[in-house]
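Novice: File work13.cif follows (mmCIF, C-alpha atoms):
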```
data_my_file
#
loop_
_atom_site.group_PDB
_atom_site.id
_atom_site.type_symbol
_atom_site.label_atom_id
_atom_site.label_comp_id
_atom_site.auth_asym_id
_atom_site.auth_seq_id
_atom_site.Cartn_x
_atom_site.Cartn_y
_atom_site.Cartn_z
ATOM 1 C CA MET B 30 21.297 24.227 22.730
ATOM 2 C CA ILE B 31 18.589 22.084 24.309
ATOM 3 C CA CYS B 32 15.017 22.313 23.052
ATOM 4 C CA ALA B 33 11.593 20.964 23.999
ATOM 5 C CA THR B 34 7.964 21.522 23.025
ATOM 6 C CA LEU B 35 5.269 22.631 25.445
ATOM 7 C CA ASP B 36 1.764 21.247 25.100
ATOM 8 C CA ASP B 37 0.022 24.621 24.952
ATOM 9 C CA ASN B 38 -0.559 25.615 21.329
ATOM 10 C CA GLY B 39 -2.283 22.937 19.286
ATOM 11 C CA ARG B 40 -0.738 19.851 17.754
ATOM 12 C CA ASP B 41 2.691 21.391 17.154
ATOM 13 C CA GLY B 42 3.033 22.943 20.608
ATOM 14 C CA THR B 43 5.347 25.798 21.561
ATOM 15 C CA LEU B 44 9.126 25.712 21.250
ATOM 16 C CA VAL B 45 11.136 26.304 24.421
ATOM 17 C CA VAL B 46 14.857 26.433 25.122
ATOM 18 C CA VAL B 47 15.907 24.426 28.180
ATOM 19 C CA SER B 48 18.723 24.961 30.668
ATOM 20 C CA ARG B 49 21.575 22.465 30.899
ATOM 21 C CA ASP B 50 20.293 21.117 34.210
ATOM 22 C CA HIS B 51 16.882 20.550 32.553
ATOM 23 C CA ARG B 52 15.130 22.552 35.273
ATOM 24 C CA ARG B 53 14.369 25.877 33.611
ATOM 25 C CA ALA B 54 13.027 26.899 30.237
ATOM 26 C CA ILE B 55 12.011 29.914 28.207
ATOM 27 C CA LYS B 56 9.587 30.234 25.316
ATOM 28 C CA VAL B 57 11.327 31.258 22.118
ATOM 29 C CA GLY B 58 8.237 33.210 21.077
ATOM 30 C CA PRO B 59 7.313 34.576 17.637
ATOM 31 C CA THR B 60 10.932 34.287 16.512
ATOM 32 C CA ALA B 61 10.474 30.523 16.278
ATOM 33 C CA PRO B 62 7.087 29.356 17.577
ATOM 34 C CA THR B 63 7.743 25.654 16.910
ATOM 35 C CA LEU B 64 10.714 23.370 16.457
ATOM 36 C CA GLN B 65 9.706 22.771 12.849
ATOM 37 C CA PHE B 66 9.721 26.531 12.227
ATOM 38 C CA LEU B 67 13.236 26.748 13.646
ATOM 39 C CA LEU B 68 14.383 23.888 11.430
ATOM 40 C CA ASP B 69 12.785 25.461 8.357
ATOM 41 C CA HIS B 70 14.579 28.774 8.991
ATOM 42 C CA TRP B 71 17.765 27.434 10.572
ATOM 43 C CA ASP B 72 20.280 29.704 8.875
ATOM 44 C CA ALA B 73 18.363 32.840 9.866
ATOM 45 C CA LEU B 74 17.334 31.800 13.380
ATOM 46 C CA GLN B 75 19.997 29.499 14.819
ATOM 47 C CA GLN B 76 22.154 32.255 16.331
ATOM 48 C CA LYS B 77 19.136 34.102 17.749
ATOM 49 C CA VAL B 78 17.854 31.007 19.538
ATOM 50 C CA GLU B 79 21.356 30.152 20.759
ATOM 51 C CA ALA B 80 21.564 33.668 22.214
ATOM 52 C CA LEU B 81 18.372 32.991 24.204
ATOM 53 C CA SER B 82 19.933 29.770 25.443
ATOM 54 C CA ALA B 83 23.041 31.661 26.579
ATOM 55 C CA GLU B 84 20.926 34.249 28.422
ATOM 56 C CA LEU B 85 18.992 31.468 30.153
ATOM 57 C CA ALA B 86 22.278 29.840 31.211
ATOM 58 C CA VAL B 87 23.466 32.949 33.077
ATOM 59 C CA GLY B 88 20.098 33.794 34.614
ATOM 60 C CA GLU B 89 19.372 36.871 32.526
ATOM 61 C CA ARG B 90 15.821 35.896 31.576
ATOM 62 C CA PRO B 91 13.155 36.975 34.077
ATOM 63 C CA ASP B 92 10.537 35.197 31.958
ATOM 64 C CA ALA B 93 12.170 31.790 32.521
ATOM 65 C CA PHE B 94 10.007 29.203 34.260
ATOM 66 C CA GLU B 95 10.366 25.828 35.941
ATOM 67 C CA LEU B 96 10.165 23.045 33.371
ATOM 68 C CA ASP B 97 7.412 20.483 33.954
ATOM 69 C CA ILE B 98 8.099 17.318 31.952
ATOM 70 C CA ASP B 99 4.411 16.375 32.221
ATOM 71 C CA ARG B 100 3.569 19.432 30.106
ATOM 72 C CA LEU B 101 5.774 18.429 27.195
ATOM 73 C CA LEU B 102 4.858 16.947 23.857
ATOM 74 C CA ALA B 103 7.406 15.130 21.744
ATOM 75 C CA PRO B 104 9.997 17.744 20.675
ATOM 76 C CA LEU B 105 8.768 17.285 17.102
ATOM 77 C CA PRO B 106 5.143 16.183 17.586
ATOM 78 C CA ARG B 107 4.634 15.509 13.894
ATOM 79 C CA ALA B 108 7.388 15.260 11.341
ATOM 80 C CA TYR B 109 7.385 15.178 7.578
ATOM 81 C CA SER B 110 9.311 11.917 7.556
ATOM 82 C CA PHE B 111 10.640 9.220 9.897
ATOM 83 C CA LEU B 112 13.206 6.922 8.300
ATOM 84 C CA ASP B 113 14.438 4.087 10.481
ATOM 85 C CA GLY B 114 17.463 1.948 9.735
ATOM 86 C CA SER B 115 18.934 -1.204 11.227
ATOM 87 C CA ALA B 116 22.530 -0.381 12.031
ATOM 88 C CA TYR B 117 23.214 -2.774 14.931
ATOM 89 C CA PRO B 118 23.785 -6.310 13.586
ATOM 90 C CA HIS B 119 23.941 -7.923 17.031
ATOM 91 C CA HIS B 120 20.233 -7.116 17.418
ATOM 92 C CA MET B 121 19.127 -8.664 14.149
ATOM 93 C CA SER B 122 21.489 -11.628 14.142
ATOM 94 C CA VAL B 123 20.233 -13.232 17.354
ATOM 95 C CA ILE B 124 16.578 -12.830 16.389
ATOM 96 C CA ARG B 125 17.199 -14.381 12.984
ATOM 97 C CA GLN B 126 19.229 -17.172 14.553
ATOM 98 C CA VAL B 127 16.177 -18.287 16.524
ATOM 99 C CA ARG B 128 14.028 -18.227 13.380
ATOM 100 C CA GLY B 129 16.617 -20.199 11.435
ATOM 101 C CA ALA B 130 17.039 -17.309 9.011
ATOM 102 C CA ARG B 131 20.266 -15.840 7.730
ATOM 103 C CA MET B 132 21.150 -12.172 7.680
ATOM 104 C CA PRO B 133 19.875 -10.225 4.652
ATOM 105 C CA ASP B 134 22.077 -10.168 1.575
ATOM 106 C CA HIS B 135 24.614 -7.360 1.566
ATOM 107 C CA PHE B 136 23.625 -6.334 5.116
ATOM 108 C CA TYR B 137 27.055 -4.842 5.836
ATOM 109 C CA GLU B 138 27.232 -3.049 2.503
ATOM 110 C CA LYS B 139 23.899 -1.237 2.299
ATOM 111 C CA PRO B 140 21.652 -0.104 5.201
ATOM 112 C CA LEU B 141 18.192 -1.542 5.668
ATOM 113 C CA MET B 142 15.647 1.256 6.095
ATOM 114 C CA TYR B 143 11.883 1.704 6.191
ATOM 115 C CA GLN B 144 9.601 4.742 6.440
ATOM 116 C CA GLY B 145 7.675 4.724 9.713
ATOM 117 C CA CYS B 146 4.871 6.636 11.393
ATOM 118 C CA SER B 147 5.881 10.266 11.924
ATOM 119 C CA ASP B 148 2.489 11.811 12.745
ATOM 120 C CA PRO B 149 2.217 11.686 15.629
ATOM 121 C CA PHE B 150 5.296 11.111 17.704
ATOM 122 C CA LEU B 151 4.039 10.387 21.210
ATOM 123 C CA ALA B 152 4.980 12.561 24.170
ATOM 124 C CA PRO B 153 7.587 11.090 26.550
ATOM 125 C CA LYS B 154 4.995 10.286 29.217
ATOM 126 C CA ALA B 155 1.986 9.660 26.983
ATOM 127 C CA PRO B 156 0.431 6.192 27.269
ATOM 128 C CA ILE B 157 0.833 3.790 24.393
ATOM 129 C CA PHE B 158 -2.800 3.171 23.441
ATOM 130 C CA LEU B 159 -3.573 -0.007 21.485
ATOM 131 C CA GLN B 160 -6.674 -2.139 20.916
ATOM 132 C CA GLU B 161 -5.013 -5.443 21.834
ATOM 133 C CA ASP B 162 -2.055 -6.526 23.908
ATOM 134 C CA ALA B 163 -1.488 -10.304 23.926
ATOM 135 C CA SER B 164 -2.330 -10.736 20.235
ATOM 136 C CA PHE B 165 -0.150 -7.801 19.155
ATOM 137 C CA GLY B 166 3.137 -8.712 20.882
ATOM 138 C CA ILE B 167 3.884 -5.175 22.114
ATOM 139 C CA ASP B 168 7.608 -4.412 22.281
ATOM 140 C CA ILE B 169 9.983 -1.499 22.737
ATOM 141 C CA GLU B 170 12.964 -0.627 20.584
ATOM 142 C CA ALA B 171 15.506 1.583 22.337
ATOM 143 C CA GLU B 172 16.841 3.979 19.715
ATOM 144 C CA LEU B 173 18.604 7.252 19.144
ATOM 145 C CA ILE B 174 17.587 9.631 16.384
ATOM 146 C CA VAL B 175 18.978 12.571 14.500
ATOM 147 C CA ILE B 176 16.799 15.367 13.137
ATOM 148 C CA THR B 177 18.134 16.867 9.951
ATOM 149 C CA GLY B 178 18.029 20.169 8.180
ATOM 150 C CA ASP B 179 17.347 20.313 4.448
ATOM 151 C CA VAL B 180 19.506 17.597 2.857
ATOM 152 C CA PRO B 181 20.217 17.695 -0.878
ATOM 153 C CA GLN B 182 19.631 14.641 -3.017
ATOM 154 C CA GLY B 183 22.644 12.382 -3.335
ATOM 155 C CA VAL B 184 24.706 13.759 -0.467
ATOM 156 C CA SER B 185 27.730 11.566 0.289
ATOM 157 C CA ARG B 186 28.377 10.122 3.724
ATOM 158 C CA ASP B 187 31.539 12.237 3.933
ATOM 159 C CA HIS B 188 29.407 15.381 3.693
ATOM 160 C CA ALA B 189 26.281 14.239 5.575
ATOM 161 C CA ALA B 190 27.134 14.972 9.233
ATOM 162 C CA PRO B 191 26.778 18.790 9.044
ATOM 163 C CA TYR B 192 23.097 18.344 8.172
ATOM 164 C CA VAL B 193 22.381 16.940 11.664
ATOM 165 C CA ARG B 194 20.594 19.640 13.655
ATOM 166 C CA PHE B 195 19.503 17.738 16.774
ATOM 167 C CA LEU B 196 20.023 14.420 18.553
ATOM 168 C CA GLY B 197 17.216 12.719 20.455
ATOM 169 C CA LEU B 198 15.791 9.634 22.169
ATOM 170 C CA LEU B 199 13.194 7.300 20.649
ATOM 171 C CA ASN B 200 11.074 4.300 21.556
ATOM 172 C CA ASP B 201 10.186 2.630 18.272
ATOM 173 C CA VAL B 202 7.070 0.730 19.353
ATOM 174 C CA SER B 203 6.962 -2.621 17.542
ATOM 175 C CA LEU B 204 4.063 -5.092 17.407
ATOM 176 C CA ARG B 205 5.958 -8.346 17.002
ATOM 177 C CA SER B 206 2.971 -10.580 16.345
ATOM 178 C CA LEU B 207 1.830 -8.455 13.398
ATOM 179 C CA ILE B 208 5.206 -7.955 11.721
ATOM 180 C CA PRO B 209 5.884 -11.462 10.306
ATOM 181 C CA ASP B 210 2.704 -11.530 8.205
ATOM 182 C CA GLU B 211 3.409 -8.077 6.765
ATOM 183 C CA ILE B 212 7.002 -8.890 5.923
ATOM 184 C CA GLY B 213 6.096 -12.329 4.627
ATOM 185 C CA ARG B 214 3.677 -10.815 2.120
ATOM 186 C CA GLY B 215 6.463 -8.682 0.683
ATOM 187 C CA PHE B 216 5.404 -5.293 2.047
ATOM 188 C CA GLY B 217 5.629 -3.606 5.466
ATOM 189 C CA PHE B 218 6.020 -2.290 7.989
ATOM 190 C CA LEU B 219 2.622 -0.655 8.500
ATOM 191 C CA GLN B 220 0.391 -2.207 11.154
ATOM 192 C CA GLY B 221 3.419 -3.713 12.879
ATOM 193 C CA LYS B 222 4.819 -0.262 13.687
ATOM 194 C CA SER B 223 2.452 1.969 15.638
ATOM 195 C CA ALA B 224 3.284 5.510 16.774
ATOM 196 C CA SER B 225 6.752 5.870 18.292
ATOM 197 C CA SER B 226 7.650 7.968 21.331
ATOM 198 C CA MET B 227 10.280 10.709 21.644
ATOM 199 C CA GLY B 228 12.263 11.691 24.697
ATOM 200 C CA PRO B 229 11.380 15.100 26.169
ATOM 201 C CA LEU B 230 14.488 16.955 24.995
ATOM 202 C CA VAL B 231 16.544 17.226 21.830
ATOM 203 C CA VAL B 232 20.067 18.643 21.858
ATOM 204 C CA THR B 233 22.388 20.109 19.267
ATOM 205 C CA PRO B 234 25.543 18.032 18.747
ATOM 206 C CA ASP B 235 27.766 20.597 20.462
ATOM 207 C CA GLU B 236 25.863 20.027 23.747
ATOM 208 C CA VAL B 237 27.279 16.523 24.154
ATOM 209 C CA GLY B 238 30.892 17.351 23.351
ATOM 210 C CA ALA B 239 33.149 14.393 22.603
ATOM 211 C CA LEU B 240 30.292 11.897 23.037
ATOM 212 C CA TRP B 241 29.278 12.814 19.477
ATOM 213 C CA ASN B 242 32.008 12.130 16.931
ATOM 214 C CA GLY B 243 29.985 13.265 13.936
ATOM 215 C CA LYS B 244 28.933 9.685 13.270
ATOM 216 C CA LEU B 245 27.560 8.069 16.448
ATOM 217 C CA LEU B 246 26.680 9.118 19.994
ATOM 218 C CA SER B 247 28.316 7.313 22.918
ATOM 219 C CA GLY B 248 27.127 7.000 26.505
ATOM 220 C CA ARG B 249 25.000 4.649 28.611
ATOM 221 C CA TYR B 250 21.472 3.935 27.393
ATOM 222 C CA VAL B 251 19.332 2.104 29.971
ATOM 223 C CA CYS B 252 16.160 0.165 29.224
ATOM 224 C CA ASP B 253 13.681 -0.882 31.912
ATOM 225 C CA ILE B 254 10.437 -2.818 31.507
ATOM 226 C CA ARG B 255 8.093 -3.568 34.408
ATOM 227 C CA GLY B 256 10.796 -2.236 36.756
ATOM 228 C CA GLN B 257 13.396 -4.700 35.455
ATOM 229 C CA ARG B 258 16.577 -3.510 33.741
ATOM 230 C CA ILE B 259 17.022 -5.389 30.469
ATOM 231 C CA GLY B 260 19.721 -3.223 28.900
ATOM 232 C CA SER B 261 22.555 -0.815 29.640
ATOM 233 C CA LEU B 262 23.959 -0.167 26.186
ATOM 234 C CA ASP B 263 26.547 2.018 24.487
ATOM 235 C CA PRO B 264 25.149 3.275 21.150
ATOM 236 C CA GLY B 265 28.615 4.394 20.070
ATOM 237 C CA LYS B 266 29.820 0.805 19.755
ATOM 238 C CA ASP B 267 29.184 -2.076 17.374
ATOM 239 C CA ALA B 268 27.181 -0.245 14.706
ATOM 240 C CA ALA B 269 27.594 -1.384 11.117
ATOM 241 C CA PHE B 270 26.496 2.041 9.854
ATOM 242 C CA THR B 271 26.734 5.602 11.146
ATOM 243 C CA TYR B 272 24.146 8.369 10.923
ATOM 244 C CA ALA B 273 26.143 9.813 8.043
ATOM 245 C CA ASP B 274 25.725 6.491 6.230
ATOM 246 C CA LEU B 275 21.988 6.509 6.938
ATOM 247 C CA ILE B 276 21.513 10.090 5.748
ATOM 248 C CA ALA B 277 23.419 9.327 2.560
ATOM 249 C CA HIS B 278 21.349 6.194 1.982
ATOM 250 C CA ALA B 279 18.028 7.984 2.570
ATOM 251 C CA SER B 280 18.912 10.886 0.277
ATOM 252 C CA LYS B 281 20.139 8.814 -2.677
ATOM 253 C CA THR B 282 17.055 9.527 -4.786
ATOM 254 C CA ARG B 283 15.277 12.331 -2.892
ATOM 255 C CA GLU B 284 15.829 15.524 -0.985
ATOM 256 C CA LEU B 285 15.203 15.293 2.753
ATOM 257 C CA ARG B 286 13.199 18.176 4.129
ATOM 258 C CA ALA B 287 14.168 19.943 7.344
ATOM 259 C CA GLY B 288 12.702 18.003 10.238
ATOM 260 C CA THR B 289 13.367 14.549 8.805
ATOM 261 C CA VAL B 290 13.854 12.094 11.676
ATOM 262 C CA ILE B 291 16.369 9.295 11.108
ATOM 263 C CA GLY B 292 16.866 6.365 13.469
ATOM 264 C CA ALA B 293 19.556 3.700 13.540
ATOM 265 C CA GLY B 294 17.373 0.877 14.796
ATOM 266 C CA ALA B 295 17.270 -1.038 18.050
ATOM 267 C CA LEU B 296 20.517 -0.756 19.993
ATOM 268 C CA ALA B 297 22.636 -3.854 20.568
ATOM 269 C CA ASN B 298 26.209 -4.447 21.672
ATOM 270 C CA GLU B 299 28.467 -7.398 20.906
ATOM 271 C CA ASP B 300 29.186 -7.799 24.619
ATOM 272 C CA ARG B 301 26.030 -9.547 25.815
ATOM 273 C CA GLU B 302 26.634 -8.296 29.354
ATOM 274 C CA HIS B 303 25.172 -4.975 28.159
ATOM 275 C CA GLY B 304 21.764 -6.619 27.801
ATOM 276 C CA CYS B 305 19.125 -5.823 25.215
ATOM 277 C CA GLY B 306 17.345 -2.847 23.708
ATOM 278 C CA CYS B 307 14.112 -4.727 23.041
ATOM 279 C CA ILE B 308 12.104 -7.650 24.397
ATOM 280 C CA ALA B 309 12.311 -9.635 21.154
ATOM 281 C CA GLU B 310 16.080 -9.892 21.432
ATOM 282 C CA LEU B 311 15.837 -10.836 25.106
ATOM 283 C CA ARG B 312 13.345 -13.580 24.266
ATOM 284 C CA ALA B 313 15.585 -14.845 21.470
ATOM 285 C CA ARG B 314 18.520 -15.107 23.847
ATOM 286 C CA GLU B 315 16.352 -16.960 26.372
ATOM 287 C CA GLN B 316 15.282 -19.413 23.705
ATOM 288 C CA ILE B 317 18.868 -20.047 22.627
ATOM 289 C CA ALA B 318 20.068 -20.511 26.209
ATOM 290 C CA HIS B 319 17.104 -22.352 27.751
ATOM 291 C CA GLY B 320 15.022 -23.676 24.866
ATOM 292 C CA ALA B 321 12.104 -21.345 25.546
ATOM 293 C CA ALA B 322 11.416 -17.623 25.849
ATOM 294 C CA LYS B 323 10.340 -16.609 29.345
ATOM 295 C CA THR B 324 9.970 -12.810 29.249
ATOM 296 C CA PRO B 325 6.514 -11.775 28.005
ATOM 297 C CA TYR B 326 5.869 -8.854 25.715
ATOM 298 C CA LEU B 327 4.162 -5.828 27.191
ATOM 299 C CA HIS B 328 0.573 -5.997 28.401
ATOM 300 C CA PHE B 329 -1.922 -3.360 29.460
ATOM 301 C CA GLY B 330 -0.716 -1.675 32.649
ATOM 302 C CA ASP B 331 2.972 -2.455 32.075
ATOM 303 C CA ARG B 332 5.482 0.379 32.327
ATOM 304 C CA LEU B 333 8.646 1.043 30.333
ATOM 305 C CA ARG B 334 11.445 3.558 30.828
ATOM 306 C CA LEU B 335 14.258 4.520 28.459
ATOM 307 C CA GLU B 336 16.987 7.037 29.286
ATOM 308 C CA MET B 337 20.517 7.853 28.127
ATOM 309 C CA PHE B 338 23.318 9.174 30.324
ATOM 310 C CA ASP B 339 26.773 10.563 29.730
ATOM 311 C CA TYR B 340 29.749 8.943 31.443
ATOM 312 C CA HIS B 341 29.229 11.142 34.528
ATOM 313 C CA GLY B 342 25.679 9.870 35.005
ATOM 314 C CA THR B 343 23.917 12.989 33.695
ATOM 315 C CA SER B 344 20.765 12.426 31.677
ATOM 316 C CA ILE B 345 21.152 13.771 28.146
ATOM 317 C CA PHE B 346 17.571 13.775 26.839
ATOM 318 C CA GLY B 347 15.429 13.110 29.895
ATOM 319 C CA ALA B 348 13.423 9.882 30.033
ATOM 320 C CA ILE B 349 10.715 8.176 28.040
ATOM 321 C CA ASP B 350 8.452 6.834 30.804
ATOM 322 C CA GLN B 351 5.225 5.256 29.559
ATOM 323 C CA THR B 352 2.534 2.717 30.325
ATOM 324 C CA VAL B 353 0.633 0.558 27.845
ATOM 325 C CA GLU B 354 -3.126 1.163 27.943
ATOM 326 C CA ARG B 355 -6.191 -0.144 26.135
ATOM 327 C CA TRP B 356 -7.487 2.106 23.360
ATOM 328 C CA GLN B 357 -11.097 2.979 24.168
ATOM 329 C CA GLY B 358 -11.896 4.829 20.949
ATOM 330 C CA GLN B 359 -13.669 8.155 20.731
#
```
Just dump the structure as structure tokens.
Specialist:
Amino acid sequence: MICATLDDNGRDGTLVVVSRDHRRAIKVGPTAPTLQFLLDHWDALQQKVEALSAELAVGERPDAFELDIDRLLAPLPRAYSFLDGSAYPHHMSVIRQVRGARMPDHFYEKPLMYQGCSDPFLAPKAPIFLQEDASFGIDIEAELIVITGDVPQGVSRDHAAPYVRFLGLLNDVSLRSLIPDEIGRGFGFLQGKSASSMGPLVVTPDEVGALWNGKLLSGRYVCDIRGQRIGSLDPGKDAAFTYADLIAHASKTRELRAGTVIGAGALANEDREHGCGCIAELRAREQIAHGAAKTPYLHFGDRLRLEMFDYHGTSIFGAIDQTVERWQGQ
């Protein structure tokens, strides 16, 4: 099942089911007006919405319409919680190497995780509006997310995977010049992490077949900034922790409500030929190799594009395609 959210009914939009070729869609209607409603009533509504998806697939829905990506919000425009981990050590290690810092204690034993901005999640083509560019150090972080159902407190990693309802694409916008001060003072992130962006579509795990092994999603995740490809990564490789690990970690002392968004952090592969999932890592590599970072962070007017493909070259979630713009206020 593939789902999206139309921008036509307030902040939470309208839930639609999308065809496998991403060209057609149908409104779910009063049965499940929003994605959050579907998640809240999953046991009662899952089969009904899957039946609509099956009817759309065989052309039995006269009310189906052509899907316009420009009309979409984030699939979950505002979520109760966004918990972001750091599961790819080859991202963090090179950045810390440049700073002369070691990896955090017990990094490979216990996930790092922070609670980020979940209201709003930006639409896949919405501009990233900020007041400053050069002084903020605007960066992308190419990520994948899972959206959970209700997760009980203390679930083990061996029992966590069935709570994954949807998989999705994320750009975790990071303001690199603001982060060190926040972290150095012992708290954070807050100002250093502005609103993140979601890809246009979310998919249930069965949609991707063997690419999802219940722990990680494999494929080819491409990252472009200013028309330049900086990464072509495989998220299924080189992770220190799986989504099951992250769900178990997040739920140790709390229940997770349906609609909790969990990320695994910026993607990075051990094989450096795959490139980078963020500008900070690219700059760190440049500094190690050449003594100075050459690639600038994003400025007003710059464009970014993130997209993940299966091994046949088919887009799984559609693309995040955004520009950075100056916030003018209201």
Novice: Which one is closest to B:Pro264: B:Gly215, B:Gly358, B:Gly238, B:Gly294? Count only C-alpha atoms.
Specialist: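 Smallest separation from B:Pro264 among the options: B:Gly294.
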Novice: Given only C-alpha atoms as the basis, pick out the residue of B:Leu81, B:Leu246, B:Leu112, B:Ala155 nearest to B:Gly58.
Specialist: B:Leu81
Novice: Care to translate the PyMOL selection byres ((chain B and resi 59-74) around 6) into actual residues of this file, as number ranges by chain?
Specialist: B: 43-44, 57-58, 75-77, 287
Novice: Between B:Ser223, B:Ser280, B:Asn242, B:Thr233, which one has atoms that come closest to B:Ile31, using all atoms listed in the file?
Specialist: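 Closest to B:Ile31 of all the choices is B:Thr233.
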Novice: Near B:Arg205, within 7 Å and counting only C-alpha atoms, which residues show up once chain neighbours fewer than 2 positions away are dropped, as a ChimeraX atom specification?
Specialist: /B:165-168,203,207-208,221
Novice: If we count only C-alpha atoms and set the cut-off at 8 Å, which residues sit around B:Leu173, ignoring sequence neighbours fewer than 6 positions away in its own chain? Please answer as a list in words.
Specialist: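 Result of the neighbour search: Leu196, Gly197, Leu198, Leu199, Pro264, Gly292, Ala293 and Gly294 of chain B.
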Novice: Restrict the selected residues to C-alpha atoms and save them as a PDB file, in the coordinates of the input.
Specialist:
```pdb
ATOM      1  CA  LEU B 196      20.023  14.420  18.553  1.00  0.00           C
ATOM      2  CA  GLY B 197      17.216  12.719  20.455  1.00  0.00           C
ATOM      3  CA  LEU B 198      15.791   9.634  22.169  1.00  0.00           C
ATOM      4  CA  LEU B 199      13.194   7.300  20.649  1.00  0.00           C
ATOM      5  CA  PRO B 264      25.149   3.275  21.150  1.00  0.00           C
ATOM      6  CA  GLY B 292      16.866   6.365  13.469  1.00  0.00           C
ATOM      7  CA  ALA B 293      19.556   3.700  13.540  1.00  0.00           C
ATOM      8  CA  GLY B 294      17.373   0.877  14.796  1.00  0.00           C
TER       9      GLY B 294
END
```
Novice: Give as an mmCIF file with C-alpha atoms, keeping the file's coordinate frame the residues that the PyMOL selection byres ((chain B and resi 41) around 9) matches when applied to the coordinates above.
Specialist:
```cif
data_model
loop_
_atom_site.group_PDB
_atom_site.id
_atom_site.type_symbol
_atom_site.label_atom_id
_atom_site.label_comp_id
_atom_site.auth_asym_id
_atom_site.auth_seq_id
_atom_site.Cartn_x
_atom_site.Cartn_y
_atom_site.Cartn_z
ATOM 1 C CA THR B 34 7.964 21.522 23.025
ATOM 2 C CA LEU B 35 5.269 22.631 25.445
ATOM 3 C CA ASP B 36 1.764 21.247 25.100
ATOM 4 C CA ASP B 37 0.022 24.621 24.952
ATOM 5 C CA ASN B 38 -0.559 25.615 21.329
ATOM 6 C CA GLY B 39 -2.283 22.937 19.286
ATOM 7 C CA ARG B 40 -0.738 19.851 17.754
ATOM 8 C CA GLY B 42 3.033 22.943 20.608
ATOM 9 C CA THR B 43 5.347 25.798 21.561
ATOM 10 C CA LEU B 44 9.126 25.712 21.250
ATOM 11 C CA THR B 63 7.743 25.654 16.910
ATOM 12 C CA LEU B 64 10.714 23.370 16.457
ATOM 13 C CA GLN B 65 9.706 22.771 12.849
ATOM 14 C CA LEU B 102 4.858 16.947 23.857
ATOM 15 C CA PRO B 104 9.997 17.744 20.675
ATOM 16 C CA LEU B 105 8.768 17.285 17.102
ATOM 17 C CA PRO B 106 5.143 16.183 17.586
ATOM 18 C CA ARG B 107 4.634 15.509 13.894
#
```
Novice: Sorted by chain and rising residue number, list the residues of stretch 95-207 of chain B at most 12 Å from stretch 295-313 of chain B (counting only C-alpha atoms), each with its closest atom pair and distance in Å to one decimal, as a Markdown table.
Specialist:
```
| residue | atom | partner | partner_atom | distance |
| --- | --- | --- | --- | --- |
| B:Asp113 | CA | B:Ala295 | CA | 9.6 |
| B:Gly114 | CA | B:Ala295 | CA | 8.8 |
| B:Ser115 | CA | B:Ala295 | CA | 7.0 |
| B:Ala116 | CA | B:Ala295 | CA | 8.0 |
| B:Tyr117 | CA | B:Ala297 | CA | 5.8 |
| B:Pro118 | CA | B:Ala297 | CA | 7.5 |
| B:His119 | CA | B:Ala297 | CA | 5.5 |
| B:His120 | CA | B:Ala297 | CA | 5.1 |
| B:Met121 | CA | B:Glu310 | CA | 8.0 |
| B:Ser122 | CA | B:Glu310 | CA | 9.2 |
| B:Val123 | CA | B:Ala313 | CA | 6.4 |
| B:Ile124 | CA | B:Ala313 | CA | 5.6 |
| B:Arg125 | CA | B:Ala313 | CA | 8.7 |
| B:Gln126 | CA | B:Ala313 | CA | 8.2 |
| B:Val127 | CA | B:Ala313 | CA | 6.1 |
| B:Arg128 | CA | B:Ala313 | CA | 8.9 |
| B:Gly129 | CA | B:Ala313 | CA | 11.4 |
| B:Gly166 | CA | B:Ala309 | CA | 9.2 |
| B:Ile167 | CA | B:Ile308 | CA | 8.9 |
| B:Asp168 | CA | B:Ile308 | CA | 5.9 |
| B:Ile169 | CA | B:Cys307 | CA | 5.2 |
| B:Glu170 | CA | B:Cys307 | CA | 4.9 |
| B:Ala171 | CA | B:Gly306 | CA | 5.0 |
| B:Glu172 | CA | B:Ala295 | CA | 5.3 |
| B:Leu173 | CA | B:Leu296 | CA | 8.3 |
| B:Ile174 | CA | B:Ala295 | CA | 10.8 |
| B:Leu198 | CA | B:Ala295 | CA | 11.5 |
| B:Leu199 | CA | B:Ala295 | CA | 9.6 |
| B:Asn200 | CA | B:Ala295 | CA | 8.9 |
| B:Asp201 | CA | B:Ala295 | CA | 8.0 |
| B:Val202 | CA | B:Cys307 | CA | 9.6 |
| B:Ser203 | CA | B:Cys307 | CA | 9.3 |
| B:Leu204 | CA | B:Ala309 | CA | 10.1 |
| B:Arg205 | CA | B:Ala309 | CA | 7.7 |
| B:Ser206 | CA | B:Ala309 | CA | 10.5 |
```
Novice: Taking the file as I've supplied it (selection: the PyMOL selection byres ((chain B and resi 266-273) around 6)), which residues are included? Please answer as a list in words.
Specialist: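 After applying the PyMOL selection byres ((chain B and resi 266-273) around 6), what remains is Ala116, Tyr117, Arg186, Ala189, Ala190, Lys244, Leu245, Asp263, Pro264, Gly265, Asp274, Leu275, Ile276 and Asn298 of chain B.
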Novice: In Å to one decimal, how far is atom CA of B:His328 from atom CA of B:Ile212?
Specialist: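 Here the two named atoms are 23.6 Å from each other.
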Novice: Report the distance between atom CA of B:Phe329 and atom CA of B:Trp356 in Å, rounded to one decimal place.
Specialist: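 It comes out at 9.9 Å.
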Novice: Every residue with an atom at most 10 Å from (-7.8, -6.1, 22.4) (file coordinates; all atoms listed in the file) is what I'm after, so could you write them as a list in words?
Specialist: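 The residues that fall inside the cut-off are Leu159, Gln160, Glu161, Asp162, Ala163, Ser164, Phe165, Phe329, Arg355, Trp356 and Gln357 of chain B.
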Novice: Tell me which protein, DNA and RNA residues are within 8 Å of B:Thr289, counting only C-alpha atoms, leaving out same-chain ones fewer than 3 positions away, and put them as a short mmCIF file (atom, residue, chain, number, x, y, z; two decimals) with C-alpha atoms, in the frame of the given file.
Specialist:
```
data_model
loop_
_atom_site.label_atom_id
_atom_site.label_comp_id
_atom_site.auth_asym_id
_atom_site.auth_seq_id
_atom_site.Cartn_x
_atom_site.Cartn_y
_atom_site.Cartn_z
CA ALA B 108 7.39 15.26 11.34
CA TYR B 109 7.38 15.18 7.58
CA SER B 110 9.31 11.92 7.56
CA PHE B 111 10.64 9.22 9.90
CA LEU B 112 13.21 6.92 8.30
CA ILE B 176 16.80 15.37 13.14
CA THR B 177 18.13 16.87 9.95
CA GLY B 178 18.03 20.17 8.18
CA LEU B 285 15.20 15.29 2.75
CA ARG B 286 13.20 18.18 4.13
#
```
